[in-house]
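Colleague: Can you read through this structure? Questions will come right after.
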Amino acid sequence: MKKIITFLTTIFILTGCGDSNVQQDNSSIKIGGMGPLTGSAAIYGTSIENGAKLAFEEINSNGGVLGKKLEYISLDEKADPIEAVNAYNKLIDSGVSAIIGSVTSKSTLAVAEIASQDGIPMITPTATQIDITKEGSSVFRTCFTDPYQGSVLAKFSKDKLNAKTAAILVNTSSDYSDGITKAFIAQANKEGITIVAKEGYSENDKDFKAQLTKIKGENPDVLMIPEYYEQSALIATQAREVGIKSTFIGPDGWDGIIKALDPSAYTTVDNSYFTNHYSSEDQNERLQAFLTKYRDTYKEEPTAFSALAYDTVYVLKSAIESANSVDKNELVEAIKKTDLDGITGHLTFDKNNNPVKAVTLIKVKDGKYIFDSLVETK
């Protein structure tokens with residue numbers, strides 16, 4: 001594929017002491033990163049950036065890896081596939097040994113195609129589209145996939161919520177939303193749940209009341225909203241306004257939905273459930289240390305994206321140490337053999353470079369995220 005290089009407006013360089021102006025040196029191991037740091041998806045990219053930086057700072061303060069500091073070079077790709085390809089090319093020219101990213105599935109898929117051809121180790125913390133790791137043996141992810149989330153939500157609806165009927169409001173412009181929807185429907189059919197309505201909308205829509213009014217007429221036990229949290233908050237609010245009483249369920253993109261609502265509207269999503277990668281109620285010592293450090297550093301609650309980015313950095317650290325090298329082929333093989341206790345759970349990779357890990361179900365109540373249950377990967 002022809003390389004396209006354009007000027008990227010945002011470059012973050014993080015070295016051992018966290019100073020973005022520190023000069024690069026030959027004693028460091030360069031790790032690339034990319035994500036939407038500006039634009040409509042910046043809230044997700046920033047969350048990942050924050051989690052990754054904490055891990056790099058922690059590792060470097062403890063001596064680095066193989067006697068060298070990890071130098072993090074992070075580029076803004078604005079959630080645009082073309083910008084993501086540009087960012088990849090620039091990172092390779094900078095001499096990175098591996099890449100963390102990207103964040104959204106479309107951008108990640110565009111880069112995965114090239115990284116797999118080049119044999120560059122690449123790990124996305126959050127891109128869940130199923131085809132991403134099919135691009136080649138050097139592409140991995142630390143999050144679970146869209147189809148797995150959809151299947152879990154259907155099983156949860158049956159086993160926990162005793163649902164007999166379900167409706168879905170799907171973003172037809174989103175591979176993320178579509179992938180979860182298809183798997184949910186397939187598993188719901190196996191569970192004996194009847195899909196009484198499936199309505200769609202486009203990426204930039206803000207008014208969903210026509211679709212929601214149709215769904216209300218079917219009175220489903222659950223309404224599945226496979227969307228990211230800002231849009232999910234808007235949909236949930238309008239659903240209650242038209243009179244829908246169903247239990248809302250959603251995927252990991254729901255993480256953060258509380259901060260998208262005014263406190264006076266928290267009851268809108270009371271008793272809703274979503275899949276996630278960890279619960280802040282988990283008393284795991286490393287997780288609690290991460291939560292404390294994140295809150296102290298950024299003065300806000302981390303999302304699962306932050307935690308996944310943190311774990312992704314540690315996957316790379318473990319692989320570099322295991323391989324005793326940053327040779328791309330040796331590093332890929334070492335990543336495949338990952339056996340790591342992360343803050344989002346114990347992590348290994350299957351034959352398709354997807355994680356083997358548990359899924360946490362979170363209940364939303366009174367403006368809080370409450371641990372509900374854990375679904376082990378089979």
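Simple scheme: letters A, B, ... for chains in structure tokens order, numbers from 1 for residues in each chain, numbers from 1 for ligands in the order shown.
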Find the spatial neighbours of segment 96-102 of chain A, counting only C-alpha atoms, within a cut-off of 8 Å - ignore same-chain residues fewer than 5 positions away - and output them as a PyMOL selection string.
Modeller: chain A and resi 29-35+84+91+107-108+111+120-127+312-313+326-328
Colleague: Enumerate as a compact mmCIF listing (two decimals) with N, CA, C and O atoms, in the first residue's frame all residues of segment 309-355 of chain A assigned to alpha helix (DSSP H) by DSSP on the backbone, naming them with the chain letters and numbers the document uses.
Modeller:
```txt
# COMPACT_ATOMS: atom_id res chain seq x y z
N ALA A 309 -5.64 0.56 28.19
CA ALA A 309 -4.39 1.12 27.68
C ALA A 309 -3.25 0.82 28.64
O ALA A 309 -2.13 0.47 28.22
N TYR A 310 -3.51 0.95 29.92
CA TYR A 310 -2.52 0.65 30.96
C TYR A 310 -2.06 -0.80 30.84
O TYR A 310 -0.86 -1.10 30.82
N ASP A 311 -3.01 -1.72 30.72
CA ASP A 311 -2.66 -3.14 30.57
C ASP A 311 -1.90 -3.40 29.27
O ASP A 311 -0.99 -4.24 29.23
N THR A 312 -2.26 -2.69 28.21
CA THR A 312 -1.59 -2.89 26.92
C THR A 312 -0.10 -2.54 27.01
O THR A 312 0.74 -3.25 26.45
N VAL A 313 0.21 -1.48 27.71
CA VAL A 313 1.62 -1.11 27.90
C VAL A 313 2.36 -2.23 28.63
O VAL A 313 3.49 -2.59 28.27
N TYR A 314 1.70 -2.81 29.62
CA TYR A 314 2.35 -3.87 30.38
C TYR A 314 2.47 -5.17 29.58
O TYR A 314 3.40 -5.96 29.81
N VAL A 315 1.56 -5.41 28.65
CA VAL A 315 1.72 -6.55 27.74
C VAL A 315 3.00 -6.38 26.94
O VAL A 315 3.79 -7.33 26.78
N LEU A 316 3.22 -5.17 26.41
CA LEU A 316 4.44 -4.91 25.65
C LEU A 316 5.68 -5.03 26.52
O LEU A 316 6.69 -5.59 26.10
N LYS A 317 5.63 -4.49 27.72
CA LYS A 317 6.77 -4.60 28.64
C LYS A 317 7.12 -6.07 28.88
O LYS A 317 8.29 -6.47 28.78
N SER A 318 6.10 -6.88 29.17
CA SER A 318 6.32 -8.30 29.43
C SER A 318 6.91 -9.00 28.22
O SER A 318 7.82 -9.83 28.34
N ALA A 319 6.42 -8.65 27.04
CA ALA A 319 6.90 -9.29 25.81
C ALA A 319 8.35 -8.91 25.50
O ALA A 319 9.15 -9.76 25.10
N ILE A 320 8.68 -7.64 25.69
CA ILE A 320 10.06 -7.20 25.44
C ILE A 320 11.02 -7.92 26.39
O ILE A 320 12.09 -8.39 25.99
N GLU A 321 10.61 -8.04 27.64
CA GLU A 321 11.45 -8.72 28.62
C GLU A 321 11.59 -10.20 28.29
O GLU A 321 12.68 -10.77 28.38
N SER A 322 10.47 -10.82 27.90
CA SER A 322 10.50 -12.24 27.57
C SER A 322 11.35 -12.52 26.35
O SER A 322 12.13 -13.49 26.31
N ALA A 323 11.22 -11.67 25.33
CA ALA A 323 12.00 -11.84 24.11
C ALA A 323 13.45 -11.41 24.28
O ALA A 323 14.32 -11.80 23.50
N LYS A 328 11.17 -7.28 15.71
CA LYS A 328 9.72 -7.36 15.52
C LYS A 328 9.19 -8.78 15.50
O LYS A 328 8.12 -9.07 16.06
N ASN A 329 9.92 -9.71 14.90
CA ASN A 329 9.46 -11.09 14.83
C ASN A 329 9.50 -11.75 16.21
O ASN A 329 8.56 -12.46 16.60
N GLU A 330 10.57 -11.51 16.95
CA GLU A 330 10.68 -12.09 18.29
C GLU A 330 9.65 -11.48 19.23
O GLU A 330 9.09 -12.17 20.09
N LEU A 331 9.38 -10.19 19.03
CA LEU A 331 8.40 -9.52 19.89
C LEU A 331 6.99 -10.04 19.63
O LEU A 331 6.21 -10.26 20.58
N VAL A 332 6.64 -10.27 18.38
CA VAL A 332 5.33 -10.82 18.04
C VAL A 332 5.14 -12.19 18.70
O VAL A 332 4.09 -12.49 19.30
N GLU A 333 6.15 -13.03 18.61
CA GLU A 333 6.05 -14.35 19.20
C GLU A 333 5.92 -14.28 20.72
O GLU A 333 5.20 -15.07 21.33
N ALA A 334 6.60 -13.33 21.33
CA ALA A 334 6.51 -13.16 22.78
C ALA A 334 5.12 -12.66 23.20
O ALA A 334 4.59 -13.09 24.23
N ILE A 335 4.53 -11.77 22.41
CA ILE A 335 3.19 -11.29 22.72
C ILE A 335 2.19 -12.44 22.67
O ILE A 335 1.29 -12.55 23.51
N LYS A 336 2.35 -13.31 21.69
CA LYS A 336 1.44 -14.46 21.56
C LYS A 336 1.45 -15.33 22.82
O LYS A 336 0.45 -15.97 23.15
```
Colleague: So that I can check the secondary structure, give me every residue of segment 12-110 of chain A assigned strand (DSSP E or B) by backbone DSSP, as a short mmCIF file (atom, residue, chain, number, x, y, z; two decimals) with all heavy atoms, in the first residue's frame.
Modeller:
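Dumped everything to result_34.cif:
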```cif
data_model
loop_
_atom_site.label_atom_id
_atom_site.label_comp_id
_atom_site.auth_asym_id
_atom_site.auth_seq_id
_atom_site.Cartn_x
_atom_site.Cartn_y
_atom_site.Cartn_z
N PHE A 12 2.75 13.86 20.92
CA PHE A 12 3.09 13.78 22.33
C PHE A 12 4.28 12.85 22.47
O PHE A 12 4.25 11.74 21.97
CB PHE A 12 1.92 13.21 23.16
CG PHE A 12 0.75 14.12 23.27
CD1 PHE A 12 -0.24 14.12 22.30
CD2 PHE A 12 0.64 14.98 24.35
CE1 PHE A 12 -1.33 14.95 22.41
CE2 PHE A 12 -0.45 15.81 24.45
CZ PHE A 12 -1.44 15.81 23.48
N ILE A 13 5.31 13.30 23.13
CA ILE A 13 6.46 12.45 23.39
C ILE A 13 6.65 12.36 24.89
O ILE A 13 6.79 13.37 25.56
CB ILE A 13 7.74 12.99 22.74
CG1 ILE A 13 7.54 13.05 21.22
CG2 ILE A 13 8.94 12.13 23.09
CD1 ILE A 13 8.72 13.63 20.48
N LEU A 14 6.63 11.15 25.41
CA LEU A 14 6.77 10.95 26.83
C LEU A 14 7.99 10.11 27.10
O LEU A 14 8.10 9.01 26.59
CB LEU A 14 5.53 10.24 27.38
CG LEU A 14 5.55 9.92 28.87
CD1 LEU A 14 5.48 11.22 29.66
CD2 LEU A 14 4.40 9.01 29.22
N ILE A 29 13.81 2.77 24.20
CA ILE A 29 13.01 1.91 23.33
C ILE A 29 11.76 2.70 22.96
O ILE A 29 10.98 3.09 23.83
CB ILE A 29 12.63 0.60 24.05
CG1 ILE A 29 13.88 -0.21 24.38
CG2 ILE A 29 11.66 -0.22 23.19
CD1 ILE A 29 13.60 -1.43 25.25
N LYS A 30 11.59 2.94 21.69
CA LYS A 30 10.48 3.77 21.23
C LYS A 30 9.22 2.93 21.01
O LYS A 30 9.25 1.92 20.31
CB LYS A 30 10.85 4.49 19.94
CG LYS A 30 12.02 5.45 20.09
CD LYS A 30 12.38 6.09 18.75
CE LYS A 30 13.59 6.99 18.89
NZ LYS A 30 13.98 7.61 17.60
N ILE A 31 8.12 3.37 21.61
CA ILE A 31 6.82 2.75 21.44
C ILE A 31 5.88 3.78 20.86
O ILE A 31 5.75 4.89 21.38
CB ILE A 31 6.25 2.23 22.77
CG1 ILE A 31 7.23 1.26 23.45
CG2 ILE A 31 4.89 1.57 22.55
CD1 ILE A 31 7.48 -0.02 22.67
N GLY A 32 5.22 3.45 19.77
CA GLY A 32 4.30 4.38 19.13
C GLY A 32 2.89 4.25 19.68
O GLY A 32 2.49 3.20 20.19
N GLY A 33 2.16 5.32 19.57
CA GLY A 33 0.75 5.32 19.96
C GLY A 33 -0.04 6.20 19.03
O GLY A 33 0.50 7.15 18.45
N MET A 34 -1.30 5.91 18.86
CA MET A 34 -2.16 6.76 18.04
C MET A 34 -3.59 6.67 18.53
O MET A 34 -4.01 5.66 19.10
CB MET A 34 -2.08 6.37 16.56
CG MET A 34 -2.63 5.00 16.26
SD MET A 34 -2.71 4.68 14.47
CE MET A 34 -0.97 4.47 14.11
N GLY A 35 -4.31 7.76 18.32
CA GLY A 35 -5.71 7.80 18.72
C GLY A 35 -6.27 9.18 18.44
O GLY A 35 -5.55 10.11 18.10
N VAL A 65 12.93 -0.96 30.79
CA VAL A 65 12.92 -2.34 30.30
C VAL A 65 14.26 -2.63 29.62
O VAL A 65 14.75 -1.83 28.82
CB VAL A 65 11.78 -2.56 29.27
CG1 VAL A 65 11.74 -4.00 28.82
CG2 VAL A 65 10.44 -2.16 29.87
N LYS A 68 16.68 0.13 29.60
CA LYS A 68 16.41 1.33 28.81
C LYS A 68 15.05 1.93 29.19
O LYS A 68 14.15 1.22 29.64
CB LYS A 68 16.40 1.00 27.31
CG LYS A 68 17.72 0.46 26.78
CD LYS A 68 17.62 0.17 25.29
CE LYS A 68 18.94 -0.35 24.74
NZ LYS A 68 18.87 -0.61 23.28
N LEU A 70 11.45 3.58 28.25
CA LEU A 70 10.46 3.49 27.17
C LEU A 70 10.07 4.90 26.76
O LEU A 70 9.65 5.70 27.58
CB LEU A 70 9.22 2.72 27.64
CG LEU A 70 9.43 1.25 27.99
CD1 LEU A 70 8.10 0.63 28.44
CD2 LEU A 70 10.00 0.47 26.81
N GLU A 71 10.23 5.21 25.50
CA GLU A 71 9.90 6.52 24.95
C GLU A 71 8.60 6.41 24.16
O GLU A 71 8.52 5.70 23.16
CB GLU A 71 11.03 7.01 24.06
CG GLU A 71 10.77 8.39 23.47
CD GLU A 71 11.89 8.82 22.54
OE1 GLU A 71 12.98 8.20 22.58
OE2 GLU A 71 11.68 9.78 21.79
N TYR A 72 7.58 7.09 24.62
CA TYR A 72 6.25 6.99 24.03
C TYR A 72 6.02 8.14 23.06
O TYR A 72 6.05 9.31 23.44
CB TYR A 72 5.21 7.03 25.15
CG TYR A 72 3.78 6.86 24.72
CD1 TYR A 72 3.39 5.88 23.81
CD2 TYR A 72 2.79 7.67 25.27
CE1 TYR A 72 2.07 5.73 23.45
CE2 TYR A 72 1.46 7.52 24.92
CZ TYR A 72 1.10 6.55 24.01
OH TYR A 72 -0.22 6.40 23.67
N ILE A 73 5.79 7.82 21.80
CA ILE A 73 5.54 8.82 20.76
C ILE A 73 4.10 8.65 20.29
O ILE A 73 3.75 7.65 19.66
CB ILE A 73 6.50 8.64 19.57
CG1 ILE A 73 7.96 8.65 20.05
CG2 ILE A 73 6.27 9.74 18.54
CD1 ILE A 73 8.95 8.29 18.96
N SER A 74 3.26 9.61 20.62
CA SER A 74 1.83 9.47 20.38
C SER A 74 1.33 10.52 19.40
O SER A 74 1.63 11.71 19.54
CB SER A 74 1.07 9.61 21.71
OG SER A 74 -0.32 9.52 21.50
N LEU A 75 0.57 10.08 18.40
CA LEU A 75 0.08 10.97 17.35
C LEU A 75 -1.44 11.02 17.31
O LEU A 75 -2.12 10.03 17.58
CB LEU A 75 0.60 10.49 15.99
CG LEU A 75 2.11 10.38 15.82
CD1 LEU A 75 2.45 9.95 14.40
CD2 LEU A 75 2.80 11.69 16.16
N ASP A 76 -1.95 12.15 16.94
CA ASP A 76 -3.39 12.38 16.81
C ASP A 76 -3.85 11.93 15.42
O ASP A 76 -3.36 12.42 14.41
CB ASP A 76 -3.67 13.87 17.00
CG ASP A 76 -5.15 14.22 16.90
OD1 ASP A 76 -5.98 13.28 16.92
OD2 ASP A 76 -5.47 15.42 16.82
N ALA A 98 7.04 -1.00 18.38
CA ALA A 98 5.68 -1.53 18.44
C ALA A 98 4.72 -0.36 18.51
O ALA A 98 5.12 0.78 18.80
CB ALA A 98 5.50 -2.44 19.65
N ILE A 99 3.44 -0.63 18.25
CA ILE A 99 2.44 0.42 18.23
C ILE A 99 1.26 0.04 19.12
O ILE A 99 0.75 -1.08 19.05
CB ILE A 99 1.94 0.69 16.80
CG1 ILE A 99 3.06 1.32 15.97
CG2 ILE A 99 0.71 1.60 16.80
CD1 ILE A 99 2.71 1.53 14.51
N ILE A 100 0.84 0.99 19.94
CA ILE A 100 -0.38 0.86 20.72
C ILE A 100 -1.46 1.66 20.00
O ILE A 100 -1.33 2.87 19.83
CB ILE A 100 -0.19 1.40 22.15
CG1 ILE A 100 0.83 0.55 22.91
CG2 ILE A 100 -1.52 1.45 22.90
CD1 ILE A 100 1.21 1.13 24.25
#
```
Colleague: Mind checking which residues fall within 9 Å of Tyr228 of chain A, counting only C-alpha atoms, ignoring those fewer than 6 positions away in the same chain, and posting them as a list in words?
Modeller: Ser177, Gly250, Pro251, Asp252, Gly253, Trp254, Asp255, Gly256 and Ile257 of chain A
Colleague: Export N, CA and C atoms of the chosen residues as a PDB file, in the first residue's frame?
Modeller:
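Listed below is the output, out_39.pdb:
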```pdb
ATOM      1  N   SER A 177     -21.444  -0.955  16.476  1.00  0.00           N
ATOM      2  CA  SER A 177     -22.852  -1.154  16.806  1.00  0.00           C
ATOM      3  C   SER A 177     -23.442  -2.346  16.051  1.00  0.00           C
ATOM      4  N   GLY A 250     -26.275  -2.517  27.346  1.00  0.00           N
ATOM      5  CA  GLY A 250     -25.351  -2.009  26.347  1.00  0.00           C
ATOM      6  C   GLY A 250     -23.961  -2.605  26.505  1.00  0.00           C
ATOM      7  N   PRO A 251     -23.076  -2.282  25.569  1.00  0.00           N
ATOM      8  CA  PRO A 251     -21.710  -2.810  25.566  1.00  0.00           C
ATOM      9  C   PRO A 251     -20.757  -1.912  26.350  1.00  0.00           C
ATOM     10  N   ASP A 252     -19.457  -2.156  26.191  1.00  0.00           N
ATOM     11  CA  ASP A 252     -18.440  -1.419  26.944  1.00  0.00           C
ATOM     12  C   ASP A 252     -18.394   0.058  26.592  1.00  0.00           C
ATOM     13  N   GLY A 253     -18.938   0.437  25.447  1.00  0.00           N
ATOM     14  CA  GLY A 253     -18.989   1.844  25.083  1.00  0.00           C
ATOM     15  C   GLY A 253     -19.837   2.678  26.037  1.00  0.00           C
ATOM     16  N   TRP A 254     -20.634   2.014  26.868  1.00  0.00           N
ATOM     17  CA  TRP A 254     -21.447   2.711  27.862  1.00  0.00           C
ATOM     18  C   TRP A 254     -20.616   3.252  29.014  1.00  0.00           C
ATOM     19  N   ASP A 255     -19.416   2.753  29.183  1.00  0.00           N
ATOM     20  CA  ASP A 255     -18.604   3.184  30.319  1.00  0.00           C
ATOM     21  C   ASP A 255     -18.353   4.682  30.226  1.00  0.00           C
ATOM     22  N   GLY A 256     -18.825   5.420  31.222  1.00  0.00           N
ATOM     23  CA  GLY A 256     -18.741   6.876  31.214  1.00  0.00           C
ATOM     24  C   GLY A 256     -20.093   7.549  31.059  1.00  0.00           C
ATOM     25  N   ILE A 257     -21.169   6.753  30.949  1.00  0.00           N
ATOM     26  CA  ILE A 257     -22.486   7.328  30.667  1.00  0.00           C
ATOM     27  C   ILE A 257     -22.955   8.278  31.764  1.00  0.00           C
TER      28      ILE A 257
END
```
Colleague: Identify, on the basis of only C-alpha atoms, every residue whose closest approach to segment 38-48 of chain A does not exceed 8 Å; exclude the query and any residue fewer than 2 positions from it along the same chain; express the result as a PyMOL selection string.
Modeller: chain A and resi 35-36+50-52+76+78-79+103+125+302-303+305-310
Colleague: Need to verify the contact set: Phe184 of chain A, 6 Å, only C-alpha atoms, exclusion of same-chain residues closer than 2 positions in sequence. Can you return it as a PyMOL selection string?
Modeller: chain A and resi 150-151+154+181-182+186-188
Colleague: Check the smallest atom-to-atom distance from each of A:Gly243, A:Pro226, A:Gly67, A:Gly342 to Leu153 of chain A using only C-alpha atoms, then report the winner.
Modeller: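 Among A:Gly243, A:Pro226, A:Gly67, A:Gly342, it is A:Pro226 that comes nearest to Leu153 of chain A.
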Colleague: Can you measure atom CA of Asp339 of chain A to atom CA of Arg141 of chain A for me? One decimal in Å is fine.
Modeller: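 One can read the atom CA of Asp339 of chain A to atom CA of Arg141 of chain A distance as 14.1 Å.
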